[in-house]
Every structure is written in structure tokens, then in C-alpha cells.
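Written below as C-alpha cells is the structure these notes are about.
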Amino acid sequence: MDNLFYRKDLIYTIAKERSFSKAAQKLFIAQPSLSLMVKALEEELGTPLFDRSCKPIRLTEAGEAYIRATEQIQAIERAYEEYILALNNLETGSLSVGSNQLLSSLVLPTYISRFLLSHPKIQLTLMDANSRTLENEITAGTLDIVIDNSILPTDIFEQVYLTSEHLLLAVPRHFSENENCRDYALSYEDVMENKHTSDTQPVPMKHFVNTPFILMNRHNDTRKQSNAIFQETGFSPNVLLEMDRLTTLYSYVEQGIAASLVSDTLVRNIRGADHSHIVFYALPTKHNKRNIYAYYKRNKFCTKAMTTLIDSLNGLA
């Protein structure tokens, strides 16, 4: 048998009106057509739904069971409609978001807090991980959204541009190399005013041949980008240490241990650092810029919660 309840609204109206003619008027259907449709359904069921021998007509036992089932279906449909309405009004639902360590710890908390305050009934799950793990998790469906500066395949993921960031050379202020680079030097205030993106000449890397460097580990995206910068400029850094976290790396630069390449996102958002101990320089390469995107799978429906959060992240600071 096919769907036995595709005519349920007709049957329900006839049962309530206890008349084919009154039901036909209410349904704006010609009575002969209505009778034929009901007869066809009864033939498919193999039993009548109405006792037509009396007036007003009455439901048969099978008809009463059909109406009970119809009312259950209607209740399920109403509940689902209410759920969809609540979902679209962000009064229910869940959302899982992943991002890299820097964004997750320093940038996103402000935006996530605003989202939760505005939509407290959304169940939000957050993941802090490296880019490779984030891609694996969103591919597996564990994450709805990934916010990252890595490039994921656009044939699999929708890519929504949020903002751009730049890598800077950060050198402890007491290092003697800064004496020969005064014309290129930038302060923390200069970085906050974005002078490194337009108003300042990039520093020649040759001045830092003997400078000790602290870099991210070799699997990190910032390290990969740093390596691309070194390769393009023909520079071979004197690597003193490798780190797993950018915030820890920045602390070592602040303490005067070594120089490093850091993002302006880190400089703007890290808390408790004394930036006056560091001199910043713009880098002479196209590889110093990268974009931050929000990603979600192309074959995944983008819910109202997803679009609302992504829209709130536009121009991520």
C-alpha cells in the first residue's frame, strides 16, 4: 500500500461535518469528486470508512481508527511546526564551533559571549584544535563551523571571508640589531593603527642573520607561513626554540629571549603583555598576509544559528 493518509484532511473534514455535501463546501471541492476520492481510498484500504446507510453518516470501526491515527499525525505535524518555528527564532537547537588556539582563546570569547547572551537556548559546543584536527572534525560532521586561517578545499566547504591578518617580525627591544633598523621600526601603537599594512617600508631580513629566533612547531600553519616568508626572502633563521602555542612564544619574545614572527591578531588581543619591550617590523613578502574564514560543509543545511553566528563574526578583530 502507498501512503494511506494522503487524503486524511478530506476524511477528517467529512467525519467532523458528518456529511459529504457540507464537507465538499468547506473544502471547495465538488461533492462527486470528493465521493470518488474517498471511494478510491476505501478500495485501497479494502474496507469502508463511512457507513452511508444512515443519516447523518457515521464512521465505521475502521473509520474511527483512521481518525484516531489522523489526529496523532496532526499532533506530530503541529509539534514539528512549532519546533521549526522555535529553531528559526533561535529558541532551540545546537551549534558546534571549532577554531585554532589563538582565535579560540583571545578573539572569539567576546563574540561567543554576545551570541550566548542573545540566544541562551542554543546549546553551544566549542573545540580548540589545530587546523588538521578541525578539518577532520568538520568533515566527519562533529563540527558545524570552523573558524580558521587555513585554506580548506572549497569543493567540499563553503568559505565565508571574515577578516585578514598580517605577520610581523617581533624583536626584543634590547637587541642591538634594532639600532640599524630604526627607519623600519614600529611600536605597539603603530601596529594598533595598522601602519604595518601600508605606511611602513618592510625591513630587510639580512639585518637579523645572527638573531636567535623562536618559531612555532613545524606542523603549525604560522610556522608553514613563516617558512614561506623565509624562503622567499632567502633568509635562514637561527632557530633557538620551537613552541606549540603562540601566546607562550610571544611571552619569550617579551622577555627578551629571541625574535619571532607573530600575527597582528595576537599582538592586538593578547592580555597582560608589556609590548614596550618589543620592536615590530613589516615583512618584505606577499606571504605576510592571510585571511580568516568561517567554513561549513557544502552539503550541510546552514541553520539560522549558523548564519547568525557567522554574520556576527564579520570583520573579526
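Residues are referred to by chain and number: the chain letter is A, B, ... according to the order shown in the C-alpha cells, the number counts from 1 in that chain, and ligands are numbered separately from 1 in the order shown.
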Rows by chain and residue number, region 221-301 of chain A within 9 Å of region 134-150 of chain A, shortest pair, only C-alpha atoms, as a tab-separated table:
```
residue	atom	partner	partner_atom	distance
A:Asp221	CA	A:Ser150	CA	7.0
A:Arg290	CA	A:Asn149	CA	6.7
A:Asn291	CA	A:Asn149	CA	5.6
A:Ile292	CA	A:Asn149	CA	4.3
A:Tyr293	CA	A:Ile147	CA	5.7
A:Ala294	CA	A:Ile147	CA	4.5
A:Tyr295	CA	A:Val146	CA	5.1
A:Tyr296	CA	A:Ile145	CA	5.0
A:Lys297	CA	A:Thr139	CA	7.4
A:Lys300	CA	A:Asp144	CA	8.4
```
Who sits within 10 Å of Leu106 (chain A), only C-alpha atoms, same chain under 3 positions skipped, as a CSV table (one decimal) with N, CA, C and O atoms, in the first residue's frame:
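Saved result, selection38.csv, follows:
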```csv
chain,number,residue,atom,x,y,z
A,101,GLN,N,43.8,27.7,18.2
A,101,GLN,CA,44.1,28.1,19.6
A,101,GLN,C,44.1,29.6,19.9
A,101,GLN,O,43.5,30.1,20.8
A,102,LEU,N,44.7,30.3,18.9
A,102,LEU,CA,44.8,31.7,19.1
A,102,LEU,C,43.4,32.4,19.1
A,102,LEU,O,43.0,33.2,19.9
A,103,LEU,N,42.6,32.1,18.0
A,103,LEU,CA,41.3,32.7,17.9
A,103,LEU,C,40.4,32.2,19.0
A,103,LEU,O,39.6,33.0,19.6
A,109,PRO,N,36.1,34.6,22.3
A,109,PRO,CA,35.2,34.7,23.5
A,109,PRO,C,34.3,35.9,23.6
A,109,PRO,O,33.1,35.8,24.0
A,110,THR,N,34.7,37.1,23.1
A,110,THR,CA,33.8,38.2,23.1
A,110,THR,C,32.6,38.0,22.2
A,110,THR,O,31.4,38.3,22.6
A,247,THR,N,50.8,32.2,22.2
A,247,THR,CA,50.9,33.1,23.4
A,247,THR,C,52.1,32.9,24.2
A,247,THR,O,52.7,33.8,24.7
A,265,THR,N,46.9,39.8,14.9
A,265,THR,CA,45.8,39.4,15.7
A,265,THR,C,46.3,39.1,17.1
A,265,THR,O,45.6,39.4,18.1
A,266,LEU,N,47.4,38.4,17.2
A,266,LEU,CA,48.0,38.1,18.5
A,266,LEU,C,48.3,39.3,19.3
A,266,LEU,O,48.0,39.5,20.4
A,268,ARG,N,47.3,42.4,19.0
A,268,ARG,CA,46.1,43.2,19.4
A,268,ARG,C,45.4,42.6,20.5
A,268,ARG,O,44.8,43.4,21.3
A,269,ASN,N,45.4,41.3,20.7
A,269,ASN,CA,44.4,40.7,21.6
A,269,ASN,C,45.1,40.0,22.8
A,269,ASN,O,44.4,39.7,23.8
A,270,ILE,N,46.4,39.8,22.8
A,270,ILE,CA,47.0,39.2,24.0
A,270,ILE,C,46.9,40.0,25.2
A,270,ILE,O,47.0,41.3,25.1
A,271,ARG,N,46.6,39.4,26.3
A,271,ARG,CA,46.4,40.2,27.5
A,271,ARG,C,47.6,40.1,28.5
A,271,ARG,O,48.2,39.1,28.6
```
From the list A:His207, A:Arg132, A:His196, A:Arg223, the nearest residue to His166 (chain A) using only C-alpha atoms is A:His196
Find the distance between CA of Lys121 (chain A) and CA of Ser94 (chain A) and write it in Å to one decimal.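 A separation of 8.6 Å between them.
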Could you pull out the residues in region 140-260 of chain A that DSSP calls alpha helix (DSSP H) from the backbone, as a PyMOL selection string? chain A and resi 140+188-192+221-233+246-254
With N, CA, C and O atoms retained, write the just-selected residues as an mmCIF file, in the first residue's frame.
```
data_model
loop_
_atom_site.group_PDB
_atom_site.id
_atom_site.type_symbol
_atom_site.label_atom_id
_atom_site.label_comp_id
_atom_site.auth_asym_id
_atom_site.auth_seq_id
_atom_site.Cartn_x
_atom_site.Cartn_y
_atom_site.Cartn_z
ATOM 1 N N ALA A 140 33.900 15.020 9.369
ATOM 2 C CA ALA A 140 33.161 13.920 9.998
ATOM 3 C C ALA A 140 31.779 14.349 10.479
ATOM 4 O O ALA A 140 30.961 13.499 10.834
ATOM 5 N N TYR A 188 54.036 49.240 19.308
ATOM 6 C CA TYR A 188 52.737 48.581 19.512
ATOM 7 C C TYR A 188 51.607 49.489 19.057
ATOM 8 O O TYR A 188 50.648 49.035 18.417
ATOM 9 N N GLU A 189 51.724 50.780 19.359
ATOM 10 C CA GLU A 189 50.690 51.736 18.948
ATOM 11 C C GLU A 189 50.586 51.815 17.421
ATOM 12 O O GLU A 189 49.489 51.950 16.868
ATOM 13 N N ASP A 190 51.733 51.722 16.748
ATOM 14 C CA ASP A 190 51.726 51.727 15.277
ATOM 15 C C ASP A 190 50.984 50.515 14.733
ATOM 16 O O ASP A 190 50.229 50.616 13.758
ATOM 17 N N VAL A 191 51.205 49.381 15.361
ATOM 18 C CA VAL A 191 50.508 48.160 14.928
ATOM 19 C C VAL A 191 49.003 48.305 15.141
ATOM 20 O O VAL A 191 48.200 47.931 14.275
ATOM 21 N N MET A 192 48.623 48.868 16.273
ATOM 22 C CA MET A 192 47.199 49.061 16.550
ATOM 23 C C MET A 192 46.554 49.999 15.535
ATOM 24 O O MET A 192 45.355 49.904 15.263
ATOM 25 N N ASP A 221 50.356 26.131 11.202
ATOM 26 C CA ASP A 221 50.163 26.942 9.995
ATOM 27 C C ASP A 221 51.013 28.212 10.017
ATOM 28 O O ASP A 221 51.517 28.646 8.973
ATOM 29 N N THR A 222 51.163 28.821 11.192
ATOM 30 C CA THR A 222 52.006 30.012 11.282
ATOM 31 C C THR A 222 53.457 29.670 10.958
ATOM 32 O O THR A 222 54.160 30.443 10.298
ATOM 33 N N ARG A 223 53.908 28.497 11.375
ATOM 34 C CA ARG A 223 55.281 28.072 11.041
ATOM 35 C C ARG A 223 55.410 27.849 9.540
ATOM 36 O O ARG A 223 56.413 28.236 8.922
ATOM 37 N N LYS A 224 54.413 27.227 8.935
ATOM 38 C CA LYS A 224 54.457 26.998 7.494
ATOM 39 C C LYS A 224 54.499 28.319 6.736
ATOM 40 O O LYS A 224 55.232 28.471 5.756
ATOM 41 N N GLN A 225 53.728 29.288 7.209
ATOM 42 C CA GLN A 225 53.741 30.600 6.572
ATOM 43 C C GLN A 225 55.070 31.304 6.814
ATOM 44 O O GLN A 225 55.612 31.975 5.924
ATOM 45 N N SER A 226 55.617 31.143 8.008
ATOM 46 C CA SER A 226 56.928 31.730 8.319
ATOM 47 C C SER A 226 57.998 31.139 7.403
ATOM 48 O O SER A 226 58.857 31.860 6.874
ATOM 49 N N ASN A 227 57.937 29.830 7.192
ATOM 50 C CA ASN A 227 58.908 29.186 6.306
ATOM 51 C C ASN A 227 58.800 29.716 4.883
ATOM 52 O O ASN A 227 59.817 29.880 4.185
ATOM 53 N N ALA A 228 57.567 29.989 4.439
ATOM 54 C CA ALA A 228 57.375 30.550 3.094
ATOM 55 C C ALA A 228 57.993 31.941 3.000
ATOM 56 O O ALA A 228 58.594 32.309 1.981
ATOM 57 N N ILE A 229 57.882 32.708 4.074
ATOM 58 C CA ILE A 229 58.492 34.045 4.113
ATOM 59 C C ILE A 229 60.009 33.936 4.075
ATOM 60 O O ILE A 229 60.688 34.654 3.320
ATOM 61 N N PHE A 230 60.546 33.041 4.878
ATOM 62 C CA PHE A 230 61.999 32.869 4.893
ATOM 63 C C PHE A 230 62.515 32.424 3.525
ATOM 64 O O PHE A 230 63.547 32.916 3.042
ATOM 65 N N GLN A 231 61.805 31.523 2.904
ATOM 66 C CA GLN A 231 62.232 31.022 1.606
ATOM 67 C C GLN A 231 62.193 32.122 0.547
ATOM 68 O O GLN A 231 63.128 32.256 -0.252
ATOM 69 N N GLU A 232 61.132 32.916 0.552
ATOM 70 C CA GLU A 232 61.006 33.970 -0.459
ATOM 71 C C GLU A 232 62.071 35.048 -0.278
ATOM 72 O O GLU A 232 62.560 35.626 -1.257
ATOM 73 N N THR A 233 62.427 35.332 0.971
ATOM 74 C CA THR A 233 63.414 36.379 1.232
ATOM 75 C C THR A 233 64.836 35.846 1.274
ATOM 76 O O THR A 233 65.788 36.612 1.499
ATOM 77 N N LEU A 246 51.183 30.111 20.417
ATOM 78 C CA LEU A 246 51.636 31.456 20.056
ATOM 79 C C LEU A 246 51.735 32.380 21.259
ATOM 80 O O LEU A 246 52.623 33.229 21.328
ATOM 81 N N THR A 247 50.833 32.236 22.211
ATOM 82 C CA THR A 247 50.877 33.106 23.392
ATOM 83 C C THR A 247 52.148 32.859 24.204
ATOM 84 O O THR A 247 52.747 33.800 24.734
ATOM 85 N N THR A 248 52.549 31.593 24.303
ATOM 86 C CA THR A 248 53.790 31.271 25.013
ATOM 87 C C THR A 248 54.983 31.837 24.249
ATOM 88 O O THR A 248 55.912 32.425 24.843
ATOM 89 N N LEU A 249 54.977 31.677 22.951
ATOM 90 C CA LEU A 249 56.055 32.213 22.105
ATOM 91 C C LEU A 249 56.204 33.718 22.314
ATOM 92 O O LEU A 249 57.316 34.239 22.465
ATOM 93 N N TYR A 250 55.067 34.417 22.348
ATOM 94 C CA TYR A 250 55.116 35.872 22.499
ATOM 95 C C TYR A 250 55.707 36.266 23.848
ATOM 96 O O TYR A 250 56.422 37.274 23.958
ATOM 97 N N SER A 251 55.427 35.471 24.860
ATOM 98 C CA SER A 251 55.983 35.767 26.186
ATOM 99 C C SER A 251 57.501 35.699 26.178
ATOM 100 O O SER A 251 58.181 36.517 26.819
ATOM 101 N N TYR A 252 58.053 34.748 25.432
ATOM 102 C CA TYR A 252 59.510 34.631 25.341
ATOM 103 C C TYR A 252 60.109 35.821 24.589
ATOM 104 O O TYR A 252 61.196 36.300 24.937
ATOM 105 N N VAL A 253 59.413 36.297 23.571
ATOM 106 C CA VAL A 253 59.887 37.492 22.867
ATOM 107 C C VAL A 253 59.854 38.686 23.815
ATOM 108 O O VAL A 253 60.795 39.485 23.891
ATOM 109 N N GLU A 254 58.766 38.803 24.569
ATOM 110 C CA GLU A 254 58.619 39.906 25.525
ATOM 111 C C GLU A 254 59.722 39.869 26.587
ATOM 112 O O GLU A 254 60.223 40.924 27.013
#
```
If you run DSSP on the backbone here, which positions in region 18-243 of chain A get strand (DSSP E)? Please write them as an MDAnalysis selection string. chainID A and resid 50:51 58:59 94:99 123:128 145:148 157:172 212:216 238:243
At what distance in Å, to one decimal, does CA of Asn238 (chain A) lie from CA of Pro212 (chain A)?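 It comes out at 5.1 Å.
Candidate residues A:Leu41, A:Val267, A:Thr307, A:Gly46 were compared for distance to Asn194 (chain A), and the nearest is A:Val267, using only C-alpha atoms.
Neighbouring residues of Ala259 (chain A) at 6 Å or closer, counting only C-alpha atoms and skipping chain neighbours under 6 positions away, are Ala170, Val171, Phe213 and Val253 of chain A.
The shell of residues at most 10 Å from Asn299 (chain A), with only C-alpha atoms counted and near chain neighbours (fewer than 5 positions) removed, consists of Ile156, Phe157 and Glu158 of chain A.
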Quick one: of A:Gly315, A:Gly98, A:Gly256, A:Pro48, who's nearest to Tyr66 (chain A), counting only C-alpha atoms? A:Pro48
Just give me the gap between CA of Leu152 (chain A) and CA of Asp311 (chain A) in Å, one decimal is fine. 19.6 Å
Residue with the minimum atom-to-atom distance to Phe5 (chain A), picked from A:Lys304, A:Arg68, A:His277, A:Arg245 with only C-alpha atoms counted, is A:Arg68
Within 12 Å of Phe115 (chain A), counting only C-alpha atoms, which residues show up once you throw out same-chain ones fewer than 2 positions away? Write them as a PyMOL selection string, please. chain A and resi 90+95+108-113+117-124+305-313
Write the residues of the preceding selection, restricted to N, CA and C atoms, as an mmCIF file, in the first residue's frame.
```cif
data_model
loop_
_atom_site.group_PDB
_atom_site.id
_atom_site.type_symbol
_atom_site.label_atom_id
_atom_site.label_comp_id
_atom_site.auth_asym_id
_atom_site.auth_seq_id
_atom_site.Cartn_x
_atom_site.Cartn_y
_atom_site.Cartn_z
ATOM 1 N N LEU A 90 15.736 30.893 16.921
ATOM 2 C CA LEU A 90 16.867 30.625 17.812
ATOM 3 C C LEU A 90 16.428 30.395 19.249
ATOM 4 N N LEU A 95 24.708 24.007 18.273
ATOM 5 C CA LEU A 95 25.707 24.538 17.351
ATOM 6 C C LEU A 95 27.086 24.153 17.868
ATOM 7 N N LEU A 108 37.645 34.977 19.913
ATOM 8 C CA LEU A 108 36.251 34.527 19.851
ATOM 9 C C LEU A 108 35.445 34.704 21.142
ATOM 10 N N PRO A 109 36.055 34.646 22.337
ATOM 11 C CA PRO A 109 35.230 34.744 23.546
ATOM 12 C C PRO A 109 34.266 35.924 23.571
ATOM 13 N N THR A 110 34.683 37.078 23.072
ATOM 14 C CA THR A 110 33.792 38.248 23.055
ATOM 15 C C THR A 110 32.578 37.992 22.180
ATOM 16 N N TYR A 111 32.798 37.425 20.995
ATOM 17 C CA TYR A 111 31.708 37.176 20.055
ATOM 18 C C TYR A 111 30.802 36.045 20.537
ATOM 19 N N ILE A 112 31.415 34.991 21.069
ATOM 20 C CA ILE A 112 30.634 33.861 21.567
ATOM 21 C C ILE A 112 29.780 34.296 22.757
ATOM 22 N N SER A 113 30.338 35.117 23.621
ATOM 23 C CA SER A 113 29.581 35.596 24.785
ATOM 24 C C SER A 113 28.363 36.400 24.351
ATOM 25 N N LEU A 117 24.462 35.352 25.084
ATOM 26 C CA LEU A 117 23.572 36.274 25.806
ATOM 27 C C LEU A 117 22.318 36.576 24.999
ATOM 28 N N SER A 118 22.476 36.660 23.690
ATOM 29 C CA SER A 118 21.327 36.950 22.822
ATOM 30 C C SER A 118 20.466 35.716 22.570
ATOM 31 N N HIS A 119 21.100 34.533 22.596
ATOM 32 C CA HIS A 119 20.375 33.299 22.266
ATOM 33 C C HIS A 119 20.709 32.213 23.295
ATOM 34 N N PRO A 120 20.261 32.394 24.527
ATOM 35 C CA PRO A 120 20.660 31.489 25.616
ATOM 36 C C PRO A 120 20.140 30.065 25.477
ATOM 37 N N LYS A 121 19.155 29.837 24.622
ATOM 38 C CA LYS A 121 18.584 28.493 24.494
ATOM 39 C C LYS A 121 19.316 27.638 23.464
ATOM 40 N N ILE A 122 20.289 28.212 22.772
ATOM 41 C CA ILE A 122 21.098 27.440 21.833
ATOM 42 C C ILE A 122 22.176 26.690 22.609
ATOM 43 N N GLN A 123 22.260 25.390 22.399
ATOM 44 C CA GLN A 123 23.286 24.573 23.049
ATOM 45 C C GLN A 123 24.561 24.662 22.221
ATOM 46 N N LEU A 124 25.560 25.347 22.748
ATOM 47 C CA LEU A 124 26.785 25.624 22.007
ATOM 48 C C LEU A 124 27.933 24.751 22.506
ATOM 49 N N ALA A 305 20.970 29.416 13.333
ATOM 50 C CA ALA A 305 22.011 29.622 14.346
ATOM 51 C C ALA A 305 23.376 29.783 13.693
ATOM 52 N N MET A 306 23.658 28.979 12.669
ATOM 53 C CA MET A 306 24.941 29.065 11.964
ATOM 54 C C MET A 306 25.097 30.408 11.269
ATOM 55 N N THR A 307 24.080 30.826 10.512
ATOM 56 C CA THR A 307 24.190 32.095 9.780
ATOM 57 C C THR A 307 24.254 33.279 10.728
ATOM 58 N N THR A 308 23.548 33.207 11.847
ATOM 59 C CA THR A 308 23.580 34.312 12.807
ATOM 60 C C THR A 308 24.948 34.469 13.429
ATOM 61 N N LEU A 309 25.570 33.354 13.801
ATOM 62 C CA LEU A 309 26.918 33.433 14.378
ATOM 63 C C LEU A 309 27.928 33.915 13.342
ATOM 64 N N ILE A 310 27.876 33.372 12.143
ATOM 65 C CA ILE A 310 28.826 33.782 11.100
ATOM 66 C C ILE A 310 28.681 35.263 10.792
ATOM 67 N N ASP A 311 27.446 35.744 10.686
ATOM 68 C CA ASP A 311 27.223 37.172 10.420
ATOM 69 C C ASP A 311 27.806 38.044 11.538
ATOM 70 N N SER A 312 27.731 37.559 12.771
ATOM 71 C CA SER A 312 28.251 38.347 13.893
ATOM 72 C C SER A 312 29.764 38.418 13.897
ATOM 73 N N LEU A 313 30.427 37.495 13.176
ATOM 74 C CA LEU A 313 31.880 37.443 13.131
ATOM 75 C C LEU A 313 32.469 38.272 12.000
#
```
So, counting only C-alpha atoms, which residue among A:Lys206, A:Lys195, A:Arg7, A:Lys39 is closest to Cys181 (chain A)?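 Ranking A:Lys206, A:Lys195, A:Arg7, A:Lys39 by distance to Cys181 (chain A), first place goes to A:Lys206.
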